[in-house]
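Read the structure below first, then the notes.
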Amino acid sequence: MELKEKVYLETLGCSKNLVDSEVMLGCLKKSGYQFTGSREEAQIIIINTCAFIRDATKESIETILLIAEQKKTGSCRYLIVCGCLPQRYQHELLKELPEVDLFLGTGEFQKISKHVKILTSGSKISRLQACSPTFLMGSSTPRTLSSPGSSAYLKIAEGCSHHCTYCAIPRIKGPYAGRSPKSILAESRKLVDNGILEINLIAQDTTQYGRLAELLKKMALIPGLRWIRLLYCHPANLNTDILKIIAGEENICNYIDLPLQHITDSMLKKMGRGITEKKIICLLEEMKKVVPGLSIRTTFIVGFPGETDKNFDALLQFAADMKFDHLGAFEYRDEEGTPASKLGRKVPEKTKKHRYNELMRLQAKISKDKNKALIGNNFEVLVEGISLEDNKYRLRARTQYQAPEVDGVVFINEDLPAGSFADIRVIKALTYDLVGEVI
């Protein structure tokens, strides 16, 4: 049998990109390709890029240029760039990045094996493959999980039909399209059969999925599925039915990721969020009432065009009043082709930085106070593996109130296998993390 080239795949960006990369790995594995964790060993290097915001685009370009150098000195013969960057910028990249052998858009990653075969055979192929992104994965789509452990992401939809004025995702990913419940449930069972204990549901907006409450209830019945987590919820689409299912099912985490972006009506309108301050506050009150002990993560944008000191002060006060369990913030940047980029009254860079720092200082205090209040409490945790963040502790783990990658962790000085569950008592509070002992 012909020995095929070794492949190295690097993923940039969000968890949705990670799933796309895992589909590419599955397709290539099915076609007989070998994989390596070393760039230096690979004959084929694939970079799955992000171009959601300017910083992500910059990181993608820098990574491409860095890896392109290995075509000169290493064993790399073919460099392939996939995902959002080629979908968004297309012909500009052909001119600016001649080192890249093939660009694949967001509608082509599932055809990776075919494209690689043509490229490596020496047959003629256009360097840019970027059709309309209409692919919707199914339960039979090949997928190879890229990280060890017992947690995985499950993408329930592609694209986005919201019209947030700052966002380029609808142009990159196309309109919203949800998978069938049958397909999602079949993939859920397959993941559990392969040792997955936690499934994190993702999409550009998970709550836009029309039968989400029904889907969650059916997923909760899958034997062996310990935790189900809901990420990327839009406040305009989160409803009481969904909240009641979360409250009523033991294996659905009391956790919701709800990016709010701002709170004043003038900013929400300029951002195209489709919701008002009053509705947001009513929703948050309902969430806490229907789901006792609910952990809420949110994100805000500071320095949006036209954001006044009064707007920001209102946002800061809102964050202080609501005391979110987890909060992230972004400084606004113009994104090419978006309506917001054409708005006047830009906020100076110095002011944006100051507002960002002030908001995150507030959240750091809120987080530390919340963590201190947990000392002495017992929690079930999912062990992730060796602690890389703090060498004082052996392992890192998470409670159901901490999502993978974006929230804090629980550090433990014990020898426990990755992917296992354990009961711990909190003995120390850090700003965003906890320290626990096994009980």
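Every chain in the structure tokens has a letter given in the order shown (A, B, ...), and although residue numbers restart at 1 in each chain, ligands are simply numbered from 1 in the order shown.
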Residue contacts of range 405-420 of chain A (9 Å, only C-alpha atoms) excluding same-chain residues fewer than 4 positions away, as a ChimeraX atom specification: /A:148-151,195-197,297,326-328,381-387,390,392-399,401,424,426,431-438
Exercise: range 79-91 of chain A partners within 6 Å, only C-alpha atoms, chain neighbours under 5 positions left out, as a list in words: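 The filter keeps Ile45, Ile46, Ile47, Asn48, Thr49, Cys50, Ala51, Val100, Asp101, Leu102, Phe103, Leu104, Gly105, Thr106, Ala130 and Ile172 of chain A.
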Secondary structure check, alpha helix (DSSP H) residues of range 60-268 of chain A, as a PyMOL selection string: chain A and resi 60-68+70-73+84-89+91-96+112-121+169-173+181-193+212-219+240-248+265-268
Residue nearest Lys270 in chain A among A:Tyr166, A:Phe421, A:Tyr356, A:Tyr209 (counting only C-alpha atoms): A:Tyr166
Within 12 Å of Lys16 in chain A, counting only C-alpha atoms, which residues qualify if same-chain residues fewer than 4 places away don't, as a ChimeraX atom specification? /A:11-12,20-23,48-50,52,83-84,106,152-159,173,200-206,231-232
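As for CA of Asn237 in chain A and CA of Ser183 in chain A, they are spaced 22.3 Å apart.
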Find the spatial neighbours of Ala213 in chain A, counting only C-alpha atoms, within a cut-off of 12 Å - ignore same-chain residues fewer than 6 positions away - and output them as a ChimeraX atom specification. /A:181,206-207,219-220,230,237-249,252
Mind writing the picked residues with N, CA and C atoms as an mmCIF file, in the first residue's frame?
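The resulting file, out_13.cif, is reproduced below:
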```cif
data_model
loop_
_atom_site.group_PDB
_atom_site.id
_atom_site.type_symbol
_atom_site.label_atom_id
_atom_site.label_comp_id
_atom_site.auth_asym_id
_atom_site.auth_seq_id
_atom_site.Cartn_x
_atom_site.Cartn_y
_atom_site.Cartn_z
ATOM 1 N N PRO A 181 -32.699 17.157 14.458
ATOM 2 C CA PRO A 181 -32.536 16.562 15.796
ATOM 3 C C PRO A 181 -32.016 15.130 15.727
ATOM 4 N N THR A 206 -26.906 29.150 19.490
ATOM 5 C CA THR A 206 -27.568 27.874 19.779
ATOM 6 C C THR A 206 -29.062 28.061 20.036
ATOM 7 N N THR A 207 -29.446 29.215 20.591
ATOM 8 C CA THR A 207 -30.859 29.417 20.928
ATOM 9 C C THR A 207 -31.722 29.760 19.721
ATOM 10 N N MET A 219 -31.607 14.674 24.592
ATOM 11 C CA MET A 219 -30.194 14.432 24.879
ATOM 12 C C MET A 219 -29.996 14.004 26.328
ATOM 13 N N ALA A 220 -30.778 14.585 27.225
ATOM 14 C CA ALA A 220 -30.645 14.272 28.652
ATOM 15 C C ALA A 220 -30.945 12.808 28.953
ATOM 16 N N LEU A 230 -24.673 24.469 27.415
ATOM 17 C CA LEU A 230 -25.210 25.321 26.359
ATOM 18 C C LEU A 230 -24.343 26.568 26.206
ATOM 19 N N ASN A 237 -33.297 35.154 21.840
ATOM 20 C CA ASN A 237 -33.897 33.853 21.516
ATOM 21 C C ASN A 237 -33.986 32.885 22.697
ATOM 22 N N LEU A 238 -33.411 33.247 23.835
ATOM 23 C CA LEU A 238 -33.476 32.368 24.997
ATOM 24 C C LEU A 238 -34.857 32.473 25.627
ATOM 25 N N ASN A 239 -35.548 31.343 25.791
ATOM 26 C CA ASN A 239 -36.936 31.399 26.279
ATOM 27 C C ASN A 239 -37.151 30.524 27.511
ATOM 28 N N THR A 240 -38.351 30.641 28.079
ATOM 29 C CA THR A 240 -38.691 29.938 29.317
ATOM 30 C C THR A 240 -38.650 28.429 29.147
ATOM 31 N N ASP A 241 -39.064 27.927 27.998
ATOM 32 C CA ASP A 241 -39.057 26.472 27.771
ATOM 33 C C ASP A 241 -37.646 25.897 27.915
ATOM 34 N N ILE A 242 -36.675 26.603 27.352
ATOM 35 C CA ILE A 242 -35.283 26.155 27.452
ATOM 36 C C ILE A 242 -34.826 26.183 28.907
ATOM 37 N N LEU A 243 -35.154 27.260 29.612
ATOM 38 C CA LEU A 243 -34.750 27.393 31.010
ATOM 39 C C LEU A 243 -35.348 26.287 31.877
ATOM 40 N N LYS A 244 -36.595 25.940 31.643
ATOM 41 C CA LYS A 244 -37.240 24.891 32.428
ATOM 42 C C LYS A 244 -36.592 23.529 32.210
ATOM 43 N N ILE A 245 -36.165 23.269 30.975
ATOM 44 C CA ILE A 245 -35.471 22.005 30.700
ATOM 45 C C ILE A 245 -34.139 21.970 31.441
ATOM 46 N N ILE A 246 -33.405 23.079 31.419
ATOM 47 C CA ILE A 246 -32.122 23.145 32.134
ATOM 48 C C ILE A 246 -32.337 22.899 33.622
ATOM 49 N N ALA A 247 -33.367 23.529 34.174
ATOM 50 C CA ALA A 247 -33.648 23.380 35.606
ATOM 51 C C ALA A 247 -34.100 21.966 35.958
ATOM 52 N N GLY A 248 -34.793 21.318 35.031
ATOM 53 C CA GLY A 248 -35.417 20.037 35.346
ATOM 54 C C GLY A 248 -34.591 18.806 35.076
ATOM 55 N N GLU A 249 -33.495 18.940 34.307
ATOM 56 C CA GLU A 249 -32.689 17.771 33.948
ATOM 57 C C GLU A 249 -31.357 17.806 34.695
ATOM 58 N N ILE A 252 -28.025 18.356 32.648
ATOM 59 C CA ILE A 252 -27.808 19.598 31.904
ATOM 60 C C ILE A 252 -27.217 20.607 32.876
#
```
Nearby residues (only C-alpha atoms) at most 12 Å from His354 in chain A, same-chain spacing under 5 positions excluded, as a ChimeraX atom specification: /A:302-303,309,312,330-331,347-349,359-361
